[in-house]
file protein_17.txt (compact mmCIF, C-alpha atoms)
# COMPACT_ATOMS: atom_id res chain seq x y z
CA MET I 1 -11.85 7.78 24.39
CA ASP I 2 -9.39 10.24 22.83
CA LEU I 3 -9.31 9.17 19.19
CA GLN I 4 -6.73 11.86 18.44
CA ALA I 5 -4.19 9.77 20.36
CA TYR I 6 -4.09 7.48 17.31
CA ASN I 7 -2.56 10.38 15.36
CA LYS I 8 0.55 10.04 17.53
CA LEU I 9 1.32 6.58 16.12
CA SER I 10 3.86 6.60 13.28
CA TYR I 11 2.61 5.68 9.82
CA GLY I 12 4.17 5.56 6.41
CA VAL I 13 2.26 5.96 3.16
CA TYR I 14 2.43 3.13 0.64
CA ILE I 15 0.81 1.84 -2.52
CA ILE I 16 -0.35 -1.75 -2.12
CA ALA I 17 -1.00 -3.58 -5.39
CA SER I 18 -2.17 -7.09 -6.22
CA GLY I 19 -3.03 -9.19 -9.22
CA ASP I 20 -1.39 -10.12 -12.48
CA LYS I 21 -1.46 -9.05 -16.15
CA ASP I 22 -5.12 -9.99 -16.50
CA LYS I 23 -6.51 -8.53 -13.28
CA LYS I 24 -4.87 -5.92 -11.06
CA ASN I 25 -5.59 -3.07 -8.68
CA ALA I 26 -3.84 -0.94 -6.08
CA PHE I 27 -4.63 1.48 -3.27
CA VAL I 28 -2.90 3.87 -0.87
CA CYS I 29 -2.26 2.33 2.53
CA THR I 30 -1.00 3.83 5.80
CA ALA I 31 -0.59 0.54 7.64
CA ALA I 32 2.32 -1.59 6.46
CA ILE I 33 5.09 -2.96 8.67
CA GLN I 34 8.04 -5.30 8.61
CA VAL I 35 7.04 -8.32 10.70
CA THR I 36 10.24 -10.40 10.62
CA ALA I 37 13.67 -10.21 9.02
CA ASP I 38 14.38 -13.94 8.77
CA PRO I 39 12.39 -14.96 6.86
CA PRO I 40 11.53 -11.46 5.60
CA LYS I 41 7.82 -10.73 6.04
CA ILE I 42 5.61 -7.66 5.72
CA ALA I 43 2.07 -7.11 6.99
CA VAL I 44 -0.43 -4.73 5.38
CA VAL I 45 -3.84 -3.71 6.67
CA CYS I 46 -6.63 -3.51 4.08
CA ASN I 47 -10.24 -2.42 4.43
CA LYS I 48 -12.63 -5.22 3.48
CA ASN I 49 -14.42 -2.78 1.13
CA ASN I 50 -11.28 -2.11 -0.96
CA HIS I 51 -11.35 -3.73 -4.38
CA THR I 52 -7.69 -4.72 -3.94
CA THR I 53 -8.52 -6.76 -0.83
CA GLY I 54 -10.46 -9.27 -2.91
CA ILE I 55 -7.66 -9.48 -5.45
CA ILE I 56 -5.08 -10.18 -2.72
CA LYS I 57 -7.29 -13.02 -1.46
CA GLU I 58 -7.71 -14.42 -4.97
CA LYS I 59 -4.19 -14.01 -6.38
CA LYS I 60 -2.31 -14.67 -3.10
CA ASN I 61 0.16 -11.85 -3.74
CA PHE I 62 0.75 -8.18 -3.06
CA SER I 63 3.42 -5.55 -3.55
CA VAL I 64 4.33 -2.64 -1.30
CA SER I 65 5.66 0.53 -2.94
CA VAL I 66 7.12 3.04 -0.46
CA LEU I 67 6.10 6.56 -1.47
CA SER I 68 8.59 9.42 -1.52
CA GLN I 69 7.98 12.60 0.43
CA ASN I 70 8.38 14.29 -2.98
CA TYR I 71 5.34 12.52 -4.47
CA GLN I 72 3.11 14.07 -7.11
CA PRO I 73 -0.52 14.69 -6.04
CA LEU I 74 -1.76 12.82 -9.12
CA THR I 75 -0.21 9.60 -7.79
CA LEU I 76 -2.13 9.80 -4.52
CA GLY I 77 -5.26 10.90 -6.33
CA THR I 78 -5.12 7.96 -8.71
CA PHE I 79 -4.33 5.24 -6.19
CA GLY I 80 -5.91 6.73 -3.08
CA PHE I 81 -9.18 8.35 -4.01
CA ARG I 82 -10.56 6.38 -6.94
CA THR I 83 -11.92 2.88 -7.07
CA GLY I 84 -10.43 0.30 -9.39
CA LYS I 85 -13.89 -1.18 -9.88
CA ASP I 86 -14.63 1.42 -12.54
CA PHE I 87 -11.28 3.10 -13.22
CA ASP I 88 -8.01 1.70 -14.58
CA LYS I 89 -5.50 2.93 -11.99
CA PHE I 90 -2.63 1.51 -14.04
CA GLY I 91 -3.65 3.29 -17.27
CA LYS I 92 -1.05 6.06 -16.95
CA ALA I 93 1.05 4.58 -14.15
CA THR I 94 4.63 3.40 -14.41
CA PHE I 95 4.84 -0.16 -13.11
CA ILE I 96 6.49 -3.53 -13.57
CA TYR I 97 5.43 -7.08 -12.82
CA GLY I 98 7.23 -8.99 -10.09
CA THR I 99 9.46 -11.79 -11.32
CA GLU I 100 8.33 -14.26 -8.65
CA THR I 101 4.53 -13.81 -8.46
CA GLY I 102 3.67 -11.58 -11.42
CA VAL I 103 2.20 -8.97 -9.05
CA PRO I 104 2.14 -5.39 -10.38
CA ILE I 105 4.59 -3.06 -8.64
CA VAL I 106 3.92 0.69 -8.86
CA LEU I 107 7.07 2.73 -9.57
CA ASP I 108 5.66 6.27 -9.65
CA ASP I 109 7.04 8.50 -6.88
CA ILE I 110 8.52 5.66 -4.83
CA ILE I 111 11.82 5.04 -3.08
CA ALA I 112 11.61 1.23 -2.63
CA TRP I 113 9.35 -1.74 -3.37
CA PHE I 114 8.65 -5.25 -2.09
CA GLU I 115 7.12 -8.23 -3.90
CA CYS I 116 5.24 -10.52 -1.48
CA GLU I 117 3.55 -13.90 -1.54
CA LEU I 118 0.52 -14.07 0.76
CA GLU I 119 1.08 -16.44 3.68
CA GLN I 120 -1.58 -15.51 6.21
CA SER I 121 -4.58 -13.28 6.76
CA VAL I 122 -6.23 -12.15 9.97
CA ASP I 123 -9.76 -10.76 10.06
CA VAL I 124 -9.88 -7.80 12.46
CA GLY I 125 -13.43 -6.58 11.85
CA THR I 126 -13.59 -3.85 9.22
CA HIS I 127 -10.08 -4.69 7.99
CA ILE I 128 -7.92 -7.69 7.14
CA ILE I 129 -4.24 -7.97 8.01
CA PHE I 130 -2.35 -9.71 5.22
CA VAL I 131 1.07 -11.15 6.03
CA GLY I 132 3.32 -11.84 3.09
CA LYS I 133 6.73 -13.38 2.62
CA VAL I 134 9.01 -10.94 0.80
CA LEU I 135 10.35 -12.61 -2.35
CA GLN I 136 12.04 -9.62 -3.99
CA SER I 137 12.75 -6.01 -3.03
CA GLN I 138 14.60 -3.05 -4.45
CA THR I 139 15.68 0.41 -3.33
CA ILE I 140 14.95 2.95 -6.06
CA ALA I 141 16.07 6.24 -4.45
CA GLU I 142 18.66 5.85 -1.70
CA ASN I 143 18.73 9.50 -0.60
CA GLU I 144 15.03 10.35 -0.63
CA THR I 145 12.81 10.49 2.44
CA PRO I 146 9.80 8.17 2.75
CA LEU I 147 6.42 9.86 2.97
CA THR I 148 4.92 9.66 6.43
CA TYR I 149 1.29 10.13 7.32
CA LYS I 150 2.27 13.00 9.64
CA TYR I 151 4.05 14.86 6.81
CA TYR I 152 1.17 14.19 4.41
CA HIS I 153 -1.41 15.38 6.93
CA GLU I 154 0.39 18.31 8.59
CA ILE I 155 2.64 19.69 5.84
CA LYS I 156 0.75 18.76 2.66
CA LYS I 157 -2.65 19.16 4.38
CA GLY I 158 -3.80 15.89 2.82
CA ILE I 159 -7.09 14.24 3.61
CA VAL I 160 -7.69 10.64 4.64
CA HIS I 161 -9.90 8.22 2.74
CA LYS I 162 -12.88 6.86 4.68
CA ASN I 163 -11.54 3.27 4.38
CA ALA I 164 -8.14 4.06 5.91
CA PRO I 165 -7.34 2.40 9.25
CA SER I 166 -5.91 5.75 10.37
CA ASN I 167 -9.22 7.54 9.76
CA ASN I 168 -10.38 8.33 13.30
CA GLN I 169 -13.09 10.84 12.49
call {"tool": "encode", "arguments": {"input": "protein_17.txt", "output": "structure tokens"}}
result
Amino acid sequence: MDLQAYNKLSYGVYIIASGDKDKKNAFVCTAAIQVTADPPKIAVVCNKNNHTTGIIKEKKNFSVSVLSQNYQPLTLGTFGFRTGKDFDKFGKATFIYGTETGVPIVLDDIIAWFECELEQSVDVGTHIIFVGKVLQSQTIAENETPLTYKYYHEIKKGIVHKNAPSNNQ
């Protein structure tokens, strides 16, 4: 099987957060899609080993922050390559809490965000697909370009975390 064929699929790069004021975490995700427009729903794919996965299951919420192509490396380093089990990812981050679910929404280096209430989850082996109903959303930077996995990988020469669904090594 040619695993490199997977690199031809289009991916964005997002920060997925979950929790509330008492317990929260977030991670960088390359698998988030709009599922329906009416009602508005988004699906995200999370590795079962991610700390955030357990929080999504417990709190029944998640947010999706769409990263800008002009992101700062510190943002990806904080949310993508450190575990929230022993590091406060929100310590220096700019974020708000959603008005509907109380979910944290990361604002650093993003162009839009979505606040979602968990409706369904599908176990797909090493990962879980979470489907959420979008309760609130906002565009932050109308004229900026969203970060794609291709741009991150080919132009920025970024590496992929071992838990990412797009890691085909």
call {"tool": "closest_atom_pairs", "arguments": {"input": "protein_17.txt", "of": "segment 70-164 of chain I", "to": "segment 33-47 of chain I", "cutoff": "10 Å", "atoms": "only C-alpha atoms", "output": "tab-separated table"}}
result
residue	atom	partner	partner_atom	distance
I:Phe114	CA	I:Ile42	CA	8.7
I:Glu115	CA	I:Ile42	CA	9.8
I:Cys116	CA	I:Ile42	CA	7.8
I:Glu117	CA	I:Lys41	CA	9.3
I:Leu118	CA	I:Ala43	CA	9.5
I:Glu119	CA	I:Lys41	CA	9.1
I:Gln120	CA	I:Ala43	CA	9.2
I:Ser121	CA	I:Ala43	CA	9.1
I:Val122	CA	I:Val45	CA	9.4
I:Asp123	CA	I:Val45	CA	9.8
I:Val124	CA	I:Val45	CA	9.3
I:Gly125	CA	I:Asn47	CA	9.1
I:Thr126	CA	I:Asn47	CA	6.0
I:His127	CA	I:Asn47	CA	4.2
I:Ile128	CA	I:Cys46	CA	5.3
I:Ile129	CA	I:Val45	CA	4.5
I:Phe130	CA	I:Val44	CA	5.3
I:Val131	CA	I:Ala43	CA	4.3
I:Gly132	CA	I:Ile42	CA	5.4
I:Lys133	CA	I:Lys41	CA	4.5
I:Val134	CA	I:Lys41	CA	5.4
I:Leu135	CA	I:Pro40	CA	8.1
I:Gln136	CA	I:Pro40	CA	9.8
I:Lys162	CA	I:Asn47	CA	9.7
I:Asn163	CA	I:Asn47	CA	5.8
I:Ala164	CA	I:Asn47	CA	7.0
call {"tool": "residues_around", "arguments": {"input": "protein_17.txt", "residues": "segment 88-97 of chain I", "least_positions_apart": "5", "cutoff": "8 Å", "atoms": "all atoms listed in the file", "output": "list in words"}}
result
Asp20, Lys21, Asn25, Ala26, Thr78, Phe79, Arg82, Gly102, Val103, Pro104, Ile105, Val106, Leu107 and Asp108 of chain I
call {"tool": "atom_distance", "arguments": {"input": "protein_17.txt", "atom1": "atom CA of Asn143 of chain I", "atom2": "atom CA of Gly12 of chain I"}}
result
16.6 Å
call {"tool": "atom_distance", "arguments": {"input": "protein_17.txt", "atom1": "atom CA of Ile56 of chain I", "atom2": "atom CA of His153 of chain I"}}
result
27.6 Å
call {"tool": "atom_distance", "arguments": {"input": "protein_17.txt", "atom1": "atom CA of Val66 of chain I", "atom2": "atom CA of Leu147 of chain I"}}
result
7.7 Å
call {"tool": "residues_near_point", "arguments": {"input": "protein_17.txt", "point": "(4.3, 9.9, 10.0)", "cutoff": "9 Å", "atoms": "only C-alpha atoms", "output": "PyMOL selection string"}}
result
chain I and resi 7-13+147-153
call {"tool": "decode", "arguments": {"input": "protein_17.txt", "residues": "segment 66-161 of chain I", "atoms": "C-alpha atoms", "output": "mmCIF file, in the first residue's frame"}}
result
data_model
loop_
_atom_site.group_PDB
_atom_site.id
_atom_site.type_symbol
_atom_site.label_atom_id
_atom_site.label_comp_id
_atom_site.auth_asym_id
_atom_site.auth_seq_id
_atom_site.Cartn_x
_atom_site.Cartn_y
_atom_site.Cartn_z
ATOM 1 C CA VAL I 66 -8.947 27.586 12.591
ATOM 2 C CA LEU I 67 -5.249 28.440 12.491
ATOM 3 C CA SER I 68 -3.885 31.173 10.245
ATOM 4 C CA GLN I 69 -1.133 30.483 7.741
ATOM 5 C CA ASN I 70 0.700 33.287 9.597
ATOM 6 C CA TYR I 71 0.786 31.370 12.895
ATOM 7 C CA GLN I 72 3.591 31.690 15.423
ATOM 8 C CA PRO I 73 5.630 28.507 16.041
ATOM 9 C CA LEU I 74 5.055 28.853 19.793
ATOM 10 C CA THR I 75 1.314 28.302 19.273
ATOM 11 C CA LEU I 76 1.855 24.981 17.511
ATOM 12 C CA GLY I 77 4.546 24.013 19.983
ATOM 13 C CA THR I 78 2.286 24.671 22.955
ATOM 14 C CA PHE I 79 -0.851 22.997 21.650
ATOM 15 C CA GLY I 80 0.688 20.392 19.347
ATOM 16 C CA PHE I 81 3.756 18.951 20.984
ATOM 17 C CA ARG I 82 3.131 19.077 24.729
ATOM 18 C CA THR I 83 0.717 17.114 26.842
ATOM 19 C CA GLY I 84 -1.855 18.857 28.980
ATOM 20 C CA LYS I 85 -1.473 16.109 31.570
ATOM 21 C CA ASP I 86 1.561 17.880 33.016
ATOM 22 C CA PHE I 87 1.594 21.296 31.316
ATOM 23 C CA ASP I 88 -0.921 24.153 31.396
ATOM 24 C CA LYS I 89 -1.415 24.863 27.693
ATOM 25 C CA PHE I 90 -3.650 27.829 28.523
ATOM 26 C CA GLY I 91 -1.118 29.485 30.858
ATOM 27 C CA LYS I 92 0.060 32.060 28.298
ATOM 28 C CA ALA I 93 -2.644 31.554 25.669
ATOM 29 C CA THR I 94 -5.275 34.062 24.659
ATOM 30 C CA PHE I 95 -8.693 32.425 24.923
ATOM 31 C CA ILE I 96 -12.327 32.957 25.826
ATOM 32 C CA TYR I 97 -15.057 30.687 27.123
ATOM 33 C CA GLY I 98 -17.986 29.877 24.863
ATOM 34 C CA THR I 99 -21.265 31.472 25.881
ATOM 35 C CA GLU I 100 -23.324 28.325 25.265
ATOM 36 C CA THR I 101 -21.213 25.486 26.722
ATOM 37 C CA GLY I 102 -18.397 27.226 28.599
ATOM 38 C CA VAL I 103 -15.819 25.485 26.396
ATOM 39 C CA PRO I 104 -12.447 27.261 26.077
ATOM 40 C CA ILE I 105 -11.818 28.751 22.632
ATOM 41 C CA VAL I 106 -8.203 29.467 21.663
ATOM 42 C CA LEU I 107 -7.751 32.843 19.943
ATOM 43 C CA ASP I 108 -4.000 32.853 19.285
ATOM 44 C CA ASP I 109 -3.124 32.906 15.568
ATOM 45 C CA ILE I 110 -6.608 31.986 14.369
ATOM 46 C CA ILE I 111 -8.951 33.257 11.674
ATOM 47 C CA ALA I 112 -12.250 31.730 12.908
ATOM 48 C CA TRP I 113 -13.689 29.603 15.707
ATOM 49 C CA PHE I 114 -16.638 27.302 16.405
ATOM 50 C CA GLU I 115 -18.251 26.349 19.718
ATOM 51 C CA CYS I 116 -19.764 22.849 19.586
ATOM 52 C CA GLU I 117 -21.935 20.633 21.744
ATOM 53 C CA LEU I 118 -21.049 16.942 21.416
ATOM 54 C CA GLU I 119 -23.837 14.948 19.772
ATOM 55 C CA GLN I 120 -22.201 11.720 18.659
ATOM 56 C CA SER I 121 -18.956 9.789 18.763
ATOM 57 C CA VAL I 122 -17.720 6.970 16.554
ATOM 58 C CA ASP I 123 -14.894 4.663 17.598
ATOM 59 C CA VAL I 124 -12.638 4.011 14.601
ATOM 60 C CA GLY I 125 -9.838 2.057 16.270
ATOM 61 C CA THR I 126 -6.963 4.276 17.366
ATOM 62 C CA HIS I 127 -9.126 7.410 17.018
ATOM 63 C CA ILE I 128 -12.603 8.668 17.843
ATOM 64 C CA ILE I 129 -14.678 10.838 15.537
ATOM 65 C CA PHE I 130 -16.625 13.407 17.541
ATOM 66 C CA VAL I 131 -19.587 15.088 15.850
ATOM 67 C CA GLY I 132 -20.759 18.320 17.387
ATOM 68 C CA LYS I 133 -23.595 20.719 16.753
ATOM 69 C CA VAL I 134 -22.226 24.221 16.168
ATOM 70 C CA LEU I 135 -23.803 26.607 18.687
ATOM 71 C CA GLN I 136 -21.713 29.712 18.023
ATOM 72 C CA SER I 137 -19.037 30.725 15.515
ATOM 73 C CA GLN I 138 -17.073 33.814 14.612
ATOM 74 C CA THR I 139 -14.725 34.969 11.868
ATOM 75 C CA ILE I 140 -11.740 36.774 13.371
ATOM 76 C CA ALA I 141 -9.642 37.614 10.288
ATOM 77 C CA GLU I 142 -11.605 37.828 7.043
ATOM 78 C CA ASN I 143 -8.622 38.286 4.716
ATOM 79 C CA GLU I 144 -6.175 35.765 6.148
ATOM 80 C CA THR I 145 -5.518 32.322 4.706
ATOM 81 C CA PRO I 146 -6.206 29.203 6.783
ATOM 82 C CA LEU I 147 -3.208 27.016 7.541
ATOM 83 C CA THR I 148 -3.241 23.779 5.583
ATOM 84 C CA TYR I 149 -1.300 20.661 6.406
ATOM 85 C CA LYS I 150 0.394 20.858 2.988
ATOM 86 C CA TYR I 151 1.642 24.415 3.663
ATOM 87 C CA TYR I 152 2.766 23.460 7.175
ATOM 88 C CA HIS I 153 4.591 20.375 5.928
ATOM 89 C CA GLU I 154 6.061 21.596 2.625
ATOM 90 C CA ILE I 155 6.664 25.324 3.207
ATOM 91 C CA LYS I 156 7.220 25.509 6.974
ATOM 92 C CA LYS I 157 8.870 22.044 7.050
ATOM 93 C CA GLY I 158 6.788 21.154 10.105
ATOM 94 C CA ILE I 159 6.738 17.732 11.679
ATOM 95 C CA VAL I 160 3.701 15.628 12.546
ATOM 96 C CA HIS I 161 2.902 14.388 16.041
#
